[in-house]
$ cat entry34.txt   # compact mmCIF, C-alpha atoms and all ligand atoms
# COMPACT_ATOMS: atom_id res chain seq x y z
CA MET A 1 140.92 157.48 -43.89
CA ALA A 2 141.87 154.49 -41.78
CA GLU A 3 145.06 154.79 -39.81
CA ASN A 4 147.04 151.64 -39.34
CA ALA A 5 150.31 152.10 -37.48
CA SER A 6 153.46 151.21 -39.32
CA SER A 7 155.47 148.63 -37.46
CA THR A 8 158.37 151.12 -37.32
CA LYS A 9 156.26 153.69 -35.52
CA LEU A 10 155.07 150.99 -33.12
CA GLN A 11 158.64 149.92 -32.49
CA LEU A 12 159.85 153.47 -31.85
CA LEU A 13 157.01 154.11 -29.44
CA HIS A 14 157.67 150.86 -27.66
CA LEU A 15 161.32 151.81 -27.18
CA LEU A 16 160.46 155.30 -25.93
CA LYS A 17 157.84 153.91 -23.51
CA ARG A 18 160.28 151.34 -22.15
CA LYS A 19 162.87 154.00 -21.45
CA SER A 20 160.49 156.76 -20.26
CA PRO A 21 161.13 159.12 -18.42
CA GLU A 22 164.77 158.71 -19.51
CA PHE A 23 166.12 159.89 -22.86
CA TYR A 24 166.79 157.47 -25.70
CA SER A 25 169.70 158.73 -27.79
CA GLY A 26 169.20 159.22 -31.52
CA ALA A 27 172.19 156.98 -32.20
CA ALA A 28 170.81 154.15 -30.06
CA LEU A 29 167.37 154.44 -31.68
CA ALA A 30 168.98 154.34 -35.12
CA ALA A 31 171.01 151.26 -34.19
CA GLU A 32 167.97 149.52 -32.72
CA THR A 33 165.59 150.24 -35.62
CA GLY A 34 167.92 150.48 -38.61
CA LEU A 35 166.43 153.89 -39.43
CA THR A 36 168.39 157.01 -40.34
CA ARG A 37 168.46 159.88 -37.84
CA SER A 38 166.29 161.98 -40.15
CA ALA A 39 163.71 159.17 -40.57
CA ILE A 40 163.54 158.94 -36.77
CA TRP A 41 163.04 162.70 -36.54
CA LYS A 42 160.14 162.48 -39.03
CA HIS A 43 158.47 159.69 -37.04
CA MET A 44 158.84 161.76 -33.86
CA GLN A 45 157.15 164.74 -35.54
CA ASN A 46 154.36 162.45 -36.64
CA LEU A 47 153.91 161.12 -33.09
CA LYS A 48 153.86 164.68 -31.72
CA ASP A 49 151.15 165.55 -34.26
CA GLN A 50 149.12 162.64 -32.85
CA GLY A 51 149.35 164.16 -29.36
CA TYR A 52 152.42 162.42 -27.90
CA GLN A 53 154.45 164.75 -25.72
CA ILE A 54 158.06 164.06 -26.68
CA ASP A 55 161.09 166.01 -25.53
CA SER A 56 163.84 166.25 -28.15
CA HIS A 57 167.34 167.24 -27.19
CA PRO A 58 170.20 167.60 -29.70
CA LYS A 59 172.63 165.62 -27.55
CA ARG A 60 170.45 163.44 -25.33
CA GLY A 61 167.93 162.30 -27.94
CA TYR A 62 164.22 161.79 -27.33
CA ARG A 63 162.08 161.04 -24.32
CA LEU A 64 158.38 160.38 -23.92
CA ILE A 65 156.70 162.68 -21.41
CA ASN A 66 153.08 161.75 -21.96
CA ALA A 67 151.01 159.53 -24.25
CA PRO A 68 147.53 160.67 -25.35
CA ASP A 69 144.42 158.69 -24.43
CA LEU A 70 143.82 157.26 -27.89
CA LEU A 71 142.45 154.00 -29.29
CA SER A 72 145.04 154.14 -32.07
CA PRO A 73 146.90 150.96 -33.05
CA GLU A 74 150.02 152.45 -31.41
CA GLU A 75 148.22 152.47 -28.04
CA VAL A 76 146.06 149.36 -28.32
CA LEU A 77 148.10 146.75 -30.22
CA PRO A 78 151.07 146.62 -27.80
CA VAL A 79 148.69 145.72 -24.94
CA LEU A 80 146.34 143.46 -26.92
CA PRO A 81 146.93 139.81 -25.93
CA THR A 82 144.50 138.23 -28.42
CA LEU A 83 145.15 135.49 -30.97
CA TRP A 84 142.59 136.41 -33.62
CA LEU A 85 140.44 139.29 -32.40
CA GLY A 86 141.65 142.71 -33.56
CA LYS A 87 143.60 141.29 -36.47
CA PRO A 88 143.38 143.42 -38.52
CA TYR A 89 142.62 146.52 -36.48
CA HIS A 90 141.11 149.48 -38.37
CA TYR A 91 141.28 152.82 -36.63
CA TYR A 92 139.48 156.05 -37.54
CA PRO A 93 139.78 159.38 -35.69
CA ARG A 94 136.29 160.18 -37.04
CA ILE A 95 133.75 158.12 -38.93
CA GLY A 96 129.99 157.96 -39.64
CA SER A 97 129.41 154.64 -37.86
CA THR A 98 131.90 151.84 -37.12
CA ASN A 99 129.09 149.33 -37.79
CA ASP A 100 128.54 150.76 -41.27
CA ARG A 101 132.27 150.59 -41.99
CA ALA A 102 132.52 147.05 -40.60
CA LEU A 103 129.58 145.91 -42.74
CA GLU A 104 131.27 147.44 -45.77
CA LEU A 105 134.62 145.78 -44.97
CA ALA A 106 132.92 142.45 -44.29
CA GLY A 107 131.17 142.71 -47.67
CA GLN A 108 134.61 143.13 -49.23
CA GLY A 109 135.84 139.97 -47.52
CA ALA A 110 137.46 141.26 -44.28
CA PRO A 111 138.47 138.26 -42.14
CA HIS A 112 136.96 136.87 -38.94
CA GLY A 113 138.23 138.96 -36.04
CA THR A 114 138.56 142.27 -37.91
CA VAL A 115 137.93 145.19 -35.56
CA VAL A 116 136.88 148.73 -36.49
CA VAL A 117 137.35 151.44 -33.87
CA ALA A 118 136.71 155.19 -33.94
CA GLU A 119 137.39 158.12 -31.63
CA GLU A 120 134.17 159.80 -32.77
CA GLN A 121 131.08 158.79 -34.73
CA LEU A 122 129.02 161.31 -36.62
CA ALA A 123 126.14 158.88 -37.15
CA GLY A 124 126.50 156.34 -34.32
CA ARG A 125 123.52 154.01 -34.35
CA GLY A 126 121.71 152.23 -31.55
CA ARG A 127 119.06 149.53 -31.78
CA LEU A 128 115.62 150.22 -33.23
CA GLY A 129 116.85 153.22 -35.23
CA ARG A 130 118.03 155.19 -32.19
CA ASN A 131 121.13 157.41 -32.12
CA TRP A 132 124.17 156.55 -30.08
CA LEU A 133 126.01 159.41 -28.35
CA SER A 134 129.55 159.22 -29.76
CA THR A 135 131.46 162.23 -28.40
CA VAL A 136 135.05 162.44 -29.52
CA ARG A 137 137.54 160.52 -27.34
CA ARG A 138 135.06 160.01 -24.53
CA GLY A 139 133.69 156.57 -25.28
CA ILE A 140 134.64 153.35 -27.01
CA TYR A 141 132.94 152.86 -30.38
CA CYS A 142 133.94 149.52 -31.73
CA SER A 143 132.66 146.93 -34.22
CA VAL A 144 133.83 143.35 -34.48
CA ILE A 145 133.45 141.24 -37.63
CA LEU A 146 132.68 137.56 -37.03
CA ARG A 147 132.54 135.10 -39.93
CA ASP A 148 132.90 131.57 -38.69
CA ALA A 149 129.82 129.88 -40.13
CA LEU A 150 127.58 130.53 -37.13
CA PRO A 151 124.11 129.00 -37.57
CA VAL A 152 121.59 131.83 -38.10
CA HIS A 153 119.48 130.87 -35.08
CA GLU A 154 122.56 131.27 -32.85
CA ALA A 155 123.30 134.84 -34.00
CA PRO A 156 121.37 136.55 -31.15
CA GLN A 157 123.43 134.52 -28.68
CA SER A 158 126.58 136.31 -29.83
CA THR A 159 125.09 139.58 -28.48
CA LEU A 160 124.72 137.98 -25.06
CA VAL A 161 128.26 136.57 -25.28
CA ALA A 162 129.57 140.10 -25.91
CA ALA A 163 127.46 141.50 -23.05
CA LEU A 164 128.86 138.79 -20.76
CA ALA A 165 132.47 139.57 -21.73
CA LEU A 166 131.89 143.26 -21.12
CA ALA A 167 130.13 142.80 -17.78
CA ARG A 168 132.97 140.54 -16.63
CA VAL A 169 135.70 143.05 -17.52
CA LEU A 170 133.77 145.69 -15.57
CA SER A 171 133.39 143.50 -12.49
CA ASN A 172 136.73 141.71 -12.53
CA SER A 173 139.12 144.41 -13.68
CA TYR A 174 137.34 147.59 -12.56
CA HIS A 175 135.37 146.25 -9.57
CA LEU A 176 132.13 147.74 -10.87
CA PRO A 177 128.88 145.91 -10.13
CA ALA A 178 127.88 145.31 -13.76
CA ALA A 179 124.72 143.53 -14.86
CA ILE A 180 123.19 142.57 -18.19
CA LYS A 181 119.82 143.95 -19.15
CA TRP A 182 118.45 141.41 -21.62
CA PRO A 183 119.21 141.29 -24.46
CA ASN A 184 121.91 143.86 -25.22
CA ASP A 185 122.59 146.43 -22.52
CA VAL A 186 125.13 146.53 -19.74
CA LEU A 187 124.18 148.43 -16.61
CA VAL A 188 126.12 149.67 -13.60
CA GLN A 189 124.05 150.56 -10.52
CA GLY A 190 120.94 150.23 -12.69
CA ARG A 191 122.13 152.76 -15.29
CA LYS A 192 123.12 151.99 -18.85
CA VAL A 193 126.84 152.12 -19.47
CA ALA A 194 127.01 150.20 -22.76
CA GLY A 195 124.89 148.80 -25.57
CA ILE A 196 125.42 146.28 -28.32
CA LEU A 197 124.05 146.46 -31.85
CA THR A 198 124.31 143.19 -33.79
CA GLU A 199 123.84 143.24 -37.55
CA MET A 200 124.45 140.49 -40.07
CA GLN A 201 124.18 139.10 -43.54
CA SER A 202 123.19 135.48 -43.83
CA ASP A 203 122.34 132.65 -46.19
CA GLN A 204 119.41 130.42 -45.40
CA ASP A 205 121.07 128.56 -42.51
CA LEU A 206 124.43 130.16 -41.86
CA VAL A 207 125.61 133.64 -41.02
CA ARG A 208 127.80 134.96 -43.85
CA PHE A 209 129.18 137.63 -41.53
CA LEU A 210 128.04 139.25 -38.34
CA VAL A 211 129.00 142.64 -36.91
CA LEU A 212 128.92 143.19 -33.16
CA GLY A 213 128.82 146.94 -32.56
CA ILE A 214 129.76 147.85 -29.02
CA GLY A 215 129.31 151.35 -27.60
CA ILE A 216 130.61 152.12 -24.11
CA ASN A 217 130.28 155.36 -22.14
CA VAL A 218 133.77 155.58 -20.69
CA ASN A 219 135.00 159.05 -19.78
CA HIS A 220 131.81 161.05 -20.25
CA SER A 221 131.06 163.65 -17.58
CA THR A 222 127.87 163.79 -15.52
CA SER A 223 126.49 166.65 -17.61
CA GLU A 224 126.99 164.62 -20.81
CA MET A 225 125.04 161.74 -19.29
CA THR A 226 122.00 163.75 -18.25
CA GLY A 227 120.68 164.25 -21.79
CA PRO A 228 117.35 162.92 -23.07
CA PHE A 229 118.20 159.22 -22.84
CA ARG A 230 115.51 156.60 -23.14
CA TYR A 231 117.07 154.80 -20.19
CA PRO A 232 119.06 156.40 -17.31
CA ALA A 233 122.68 156.47 -18.46
CA THR A 234 126.06 156.65 -16.78
CA SER A 235 129.74 156.35 -17.67
CA LEU A 236 132.61 154.38 -16.19
CA ALA A 237 134.33 157.61 -15.09
CA ILE A 238 131.21 158.73 -13.22
CA GLU A 239 130.89 155.37 -11.45
CA LEU A 240 134.60 155.12 -10.62
CA GLY A 241 135.09 158.78 -9.76
CA HIS A 242 138.02 159.11 -12.19
CA PRO A 243 138.72 158.74 -15.92
CA ILE A 244 140.26 155.53 -17.23
CA ALA A 245 142.73 154.67 -20.00
CA ARG A 246 140.48 153.63 -22.86
CA ALA A 247 143.17 151.64 -24.71
CA ASP A 248 143.70 149.35 -21.71
CA PHE A 249 139.97 148.89 -21.33
CA LEU A 250 139.49 148.04 -25.00
CA ALA A 251 142.38 145.55 -24.93
CA LYS A 252 140.86 143.83 -21.89
CA LEU A 253 137.44 143.76 -23.51
CA LEU A 254 138.70 142.25 -26.76
CA ALA A 255 140.71 139.64 -24.82
CA GLY A 256 137.63 138.70 -22.75
CA LEU A 257 135.42 138.60 -25.81
CA GLU A 258 137.84 136.37 -27.68
CA LYS A 259 137.89 133.94 -24.76
CA ASP A 260 134.11 133.90 -24.27
CA TYR A 261 133.39 133.67 -27.99
CA ASP A 262 135.79 130.71 -28.30
CA ARG A 263 134.05 129.04 -25.34
CA PHE A 264 130.66 129.66 -26.93
CA ARG A 265 131.75 128.13 -30.24
CA SER A 266 133.54 125.12 -28.73
CA ASN A 267 131.24 124.26 -25.83
CA GLY A 268 127.94 125.75 -26.94
CA PHE A 269 125.86 128.59 -25.53
CA ALA A 270 124.55 126.47 -22.64
CA ALA A 271 128.06 126.51 -21.11
CA LEU A 272 127.75 130.28 -20.58
CA LEU A 273 124.17 130.24 -19.36
CA PRO A 274 124.83 130.07 -15.58
CA GLU A 275 127.17 133.09 -15.77
CA LEU A 276 124.67 135.00 -17.87
CA GLU A 277 121.89 134.26 -15.41
CA ASN A 278 124.10 135.27 -12.49
CA LEU A 279 124.93 138.60 -14.09
CA SER A 280 121.41 139.32 -15.30
CA ALA A 281 119.76 142.58 -14.27
CA THR A 282 116.48 141.38 -15.78
CA LEU A 283 115.79 138.10 -14.03
CA GLY A 284 113.54 138.45 -11.00
CA LYS A 285 112.07 141.70 -12.30
CA THR A 286 108.64 142.39 -13.70
CA VAL A 287 109.18 143.57 -17.23
CA GLN A 288 107.16 145.01 -20.03
CA THR A 289 107.70 144.04 -23.64
CA THR A 290 105.81 143.44 -26.85
CA PHE A 291 104.72 140.01 -28.01
CA ARG A 292 103.23 139.63 -31.49
CA GLU A 293 102.86 143.41 -31.55
CA GLN A 294 100.83 143.43 -28.31
CA PRO A 295 102.11 144.83 -24.97
CA LEU A 296 102.92 142.08 -22.54
CA SER A 297 104.18 142.13 -18.97
CA GLY A 298 105.36 139.38 -16.75
CA ARG A 299 108.03 138.29 -14.37
CA ALA A 300 111.38 137.37 -15.93
CA ILE A 301 112.08 133.91 -14.52
CA GLY A 302 115.01 132.69 -16.57
CA LEU A 303 116.70 132.24 -19.90
CA THR A 304 116.06 129.33 -22.23
CA PRO A 305 119.10 127.24 -23.26
CA GLU A 306 119.09 129.36 -26.44
CA GLY A 307 119.22 132.68 -24.56
CA ALA A 308 115.58 133.72 -25.01
CA LEU A 309 113.79 135.31 -22.04
CA ARG A 310 111.23 133.27 -20.08
CA LEU A 311 108.36 135.36 -18.75
CA GLN A 312 105.76 134.21 -16.28
CA LEU A 313 102.48 136.03 -16.78
CA LYS A 314 100.07 136.94 -13.97
CA SER A 315 97.91 134.01 -15.07
CA GLY A 316 100.83 131.67 -14.32
CA GLU A 317 101.28 130.94 -18.02
CA GLU A 318 104.81 131.10 -19.42
CA ARG A 319 105.88 132.96 -22.59
CA VAL A 320 109.25 132.92 -24.29
CA ILE A 321 110.49 136.22 -25.73
CA TRP A 322 113.01 135.76 -28.53
CA VAL A 323 113.54 139.32 -29.71
CA GLY A 324 112.78 142.88 -28.69
CA ASP A 325 113.28 145.32 -25.91
CA VAL A 326 112.21 144.98 -22.32
CA THR A 327 111.48 147.67 -19.76
CA HIS A 328 112.13 146.81 -16.13
CA ILE A 329 109.10 147.86 -14.15
CA GLU A 330 109.74 146.84 -10.59
CA GLU A 331 111.79 144.52 -8.49
CA VAL A 332 109.96 141.46 -7.28
CA ASP A 333 110.83 139.87 -3.97
CA SER A 334 111.18 136.17 -4.17
C1 LIG A 401 122.05 150.16 -28.23
O1 LIG A 401 122.13 150.15 -27.00
O2 LIG A 401 121.01 150.54 -28.79
C2 LIG A 401 123.22 149.68 -29.06
C3 LIG A 401 124.27 150.77 -29.21
C4 LIG A 401 125.43 150.36 -30.08
C5 LIG A 401 126.38 151.51 -30.35
C6 LIG A 401 127.62 151.05 -31.04
S1 LIG A 401 128.91 152.27 -31.04
C7 LIG A 401 129.83 151.29 -32.14
C8 LIG A 401 128.87 150.72 -33.15
N1 LIG A 401 128.66 151.65 -34.24
C9 LIG A 401 127.41 152.12 -34.27
O3 LIG A 401 126.96 152.95 -35.08
N2 LIG A 401 126.69 151.56 -33.27
C10 LIG A 401 127.48 150.64 -32.49
$ encode --input "entry34.txt" --output "structure tokens"
Amino acid sequence: MAENASSTKLQLLHLLKRKSPEFYSGAALAAETGLTRSAIWKHMQNLKDQGYQIDSHPKRGYRLINAPDLLSPEEVLPVLPTLWLGKPYHYYPRIGSTNDRALELAGQGAPHGTVVVAEEQLAGRGRLGRNWLSTVRRGIYCSVILRDALPVHEAPQSTLVAALALARVLSNSYHLPAAIKWPNDVLVQGRKVAGILTEMQSDQDLVRFLVLGIGINVNHSTSEMTGPFRYPATSLAIELGHPIARADFLAKLLAGLEKDYDRFRSNGFAALLPELENLSATLGKTVQTTFREQPLSGRAIGLTPEGALRLQLKSGEERVIWVGDVTHIEEVDS
């Protein structure tokens, strides 16, 4: 079941947070919200059930001691500065896959900007049929619905726009040296910290709706990140040396994505190209990929104005890779 915070619960929490660590009297809360004392009590019980540590005192009222690290609407919406992204915001403590749910909601007409977030995925999916590790309350598992008549051939660019937004939040707000591994991974110190799975339904020329599924390893421990991954993996907590508040991170990411997506749609993909090239982990490397079902290796020398990867083969010939996975083989001095 989706949990969408009632505005009353949001308001109560906002008041408690503003006053914390002081008490807020029951009478003052009732006056502020228009609720009865017993309705307030019920909301407080509900918040405690969600993991909020709240002190209740018969005379002094209520005070917030600690808020849980959740991606619930109560934690994310008050810090989300977006205009259209995350409206509406669907939250699930546990789900099969946020991408599956987003595709279902989009099929039922969910608007542009709808976001689906879960604390845990039982069937988190990666690209090319792989699984995505979705341990409860460790990562961010989030899917964004876009439906703004994007031309079909521009759909892959939206993956790069999301990767750019994510890499920028990591570098600007968390001072982590993030880089984009073409076309859909974000790396820190050469290890994968996030991946993007883009799925869509389209007519002949236009995207009917597109779902950007973003998975980020946030507070996973070293032992969780040493599993049988296809690519060396890490988490933000490992790289920073401490856990981070996931709600703040998600709010920053959605704000950055809204800004970059708006730039992409108003000014075109080419406007983002220099930043994408600057933050690329792939350019300058020799990479291996498949081209028309044959293995191909070459040096990644740039992106085309459409976001495809330009490879220079040993023969000097150039090939453009539009889709697929690349493996970085070695760094090339230039
Ligand atoms: C990849 O690197 O292969 C892409 C991983 C994408 C994982 C995210 S988690 C949220 C969304 N729901 C899913 O089932 N997958 C994506």
$ closest_atom_pairs --input "entry34.txt" --of "chain A" --to "ligand LIG 401 (chain A)" --cutoff "8 Å" --atoms "all atoms listed in the file" --output "CSV"
residue,atom,partner,partner_atom,distance
A:Gly96,CA,A:LIG401,O3,7.4
A:Ser97,CA,A:LIG401,O3,4.1
A:Thr98,CA,A:LIG401,N1,4.3
A:Asn99,CA,A:LIG401,N1,4.3
A:Asp100,CA,A:LIG401,O3,6.8
A:Val117,CA,A:LIG401,C7,7.7
A:Gln121,CA,A:LIG401,O3,7.2
A:Ala123,CA,A:LIG401,O3,6.3
A:Gly124,CA,A:LIG401,O3,3.5
A:Arg125,CA,A:LIG401,O3,3.7
A:Gly126,CA,A:LIG401,O2,3.3
A:Arg127,CA,A:LIG401,O2,3.7
A:Leu128,CA,A:LIG401,O2,7.0
A:Arg130,CA,A:LIG401,O2,6.5
A:Asn131,CA,A:LIG401,O2,7.6
A:Trp132,CA,A:LIG401,C5,5.5
A:Ser134,CA,A:LIG401,S1,7.1
A:Ile140,CA,A:LIG401,S1,7.1
A:Tyr141,CA,A:LIG401,C7,3.9
A:Cys142,CA,A:LIG401,C7,4.5
A:Ser143,CA,A:LIG401,C8,5.5
A:Asn184,CA,A:LIG401,O1,6.5
A:Asp185,CA,A:LIG401,O1,5.8
A:Ala194,CA,A:LIG401,O1,6.5
A:Gly195,CA,A:LIG401,O1,3.4
A:Ile196,CA,A:LIG401,C2,4.1
A:Leu197,CA,A:LIG401,C2,4.3
A:Leu212,CA,A:LIG401,C8,7.5
A:Gly213,CA,A:LIG401,C8,3.8
A:Ile214,CA,A:LIG401,C6,4.3
A:Gly215,CA,A:LIG401,S1,3.6
A:Ile216,CA,A:LIG401,S1,7.1
$ residues_around --input "entry34.txt" --residues "A:Ala255" --least-positions-apart "3" --cutoff "9 Å" --atoms "all atoms listed in the file" --output "compact mmCIF listing (two decimals) with C-alpha atoms, keeping the file's coordinate frame"
# COMPACT_ATOMS: atom_id res chain seq x y z
CA LEU A 80 146.34 143.46 -26.92
CA PRO A 81 146.93 139.81 -25.93
CA THR A 82 144.50 138.23 -28.42
CA LEU A 83 145.15 135.49 -30.97
CA LEU A 85 140.44 139.29 -32.40
CA ALA A 165 132.47 139.57 -21.73
CA LEU A 250 139.49 148.04 -25.00
CA ALA A 251 142.38 145.55 -24.93
CA LYS A 252 140.86 143.83 -21.89
CA GLU A 258 137.84 136.37 -27.68
CA LYS A 259 137.89 133.94 -24.76
CA ASP A 260 134.11 133.90 -24.27
$ residues_near_point --input "entry34.txt" --point "(123.6, 131.0, -31.8)" --cutoff "10 Å" --atoms "only C-alpha atoms" --output "list in words"
Leu150, Pro151, Val152, His153, Glu154, Ala155, Pro156, Gln157, Ser158, Thr159, Leu160, Val161, Val207, Phe264, Arg265, Gly268, Phe269, Glu306 and Gly307 of chain A
$ write_last_selection --input "entry34.txt" --atoms "C-alpha atoms" --output "mmCIF file, in the coordinates of the input"
data_model
loop_
_atom_site.group_PDB
_atom_site.id
_atom_site.type_symbol
_atom_site.label_atom_id
_atom_site.label_comp_id
_atom_site.auth_asym_id
_atom_site.auth_seq_id
_atom_site.Cartn_x
_atom_site.Cartn_y
_atom_site.Cartn_z
ATOM 1 C CA LEU A 150 127.580 130.530 -37.130
ATOM 2 C CA PRO A 151 124.110 129.000 -37.570
ATOM 3 C CA VAL A 152 121.590 131.830 -38.100
ATOM 4 C CA HIS A 153 119.480 130.870 -35.080
ATOM 5 C CA GLU A 154 122.560 131.270 -32.850
ATOM 6 C CA ALA A 155 123.300 134.840 -34.000
ATOM 7 C CA PRO A 156 121.370 136.550 -31.150
ATOM 8 C CA GLN A 157 123.430 134.520 -28.680
ATOM 9 C CA SER A 158 126.580 136.310 -29.830
ATOM 10 C CA THR A 159 125.090 139.580 -28.480
ATOM 11 C CA LEU A 160 124.720 137.980 -25.060
ATOM 12 C CA VAL A 161 128.260 136.570 -25.280
ATOM 13 C CA VAL A 207 125.610 133.640 -41.020
ATOM 14 C CA PHE A 264 130.660 129.660 -26.930
ATOM 15 C CA ARG A 265 131.750 128.130 -30.240
ATOM 16 C CA GLY A 268 127.940 125.750 -26.940
ATOM 17 C CA PHE A 269 125.860 128.590 -25.530
ATOM 18 C CA GLU A 306 119.090 129.360 -26.440
ATOM 19 C CA GLY A 307 119.220 132.680 -24.560
#
$ atom_distance --input "entry34.txt" --atom1 "atom CA of A:Leu170" --atom2 "atom CA of A:Pro183"
17.6 Å
$ atom_distance --input "entry34.txt" --atom1 "atom CA of A:Gly241" --atom2 "atom CA of A:Gly139"
15.7 Å
$ atom_distance --input "entry34.txt" --atom1 "atom CA of A:Ser202" --atom2 "atom CA of A:Arg147"
10.1 Å
$ residues_around --input "entry34.txt" --residues "stretch 285-298 of chain A" --least-positions-apart "5" --cutoff "12 Å" --atoms "only C-alpha atoms" --output "JSON, numbers by chain"
{"A": [181, 182, 183, 280, 309, 310, 311, 312, 313, 314, 315, 316, 317, 318, 319, 320, 321, 322, 323, 324, 325, 326, 327, 328, 329, 330, 331, 332, 333, 334]}
$ residues_near_point --input "entry34.txt" --point "(124.6, 162.2, -13.7)" --cutoff "9 Å" --atoms "all atoms listed in the file" --output "list in words"
Ser221, Thr222, Ser223, Glu224, Met225, Thr226, Pro232, Ala233, Thr234, Ser235 and Ile238 of chain A
$ residues_around --input "entry34.txt" --residues "A:Lys9" --least-positions-apart "6" --cutoff "10 Å" --atoms "all atoms listed in the file" --output "ChimeraX atom specification"
/A:15,33,40,43-44,46-47,74
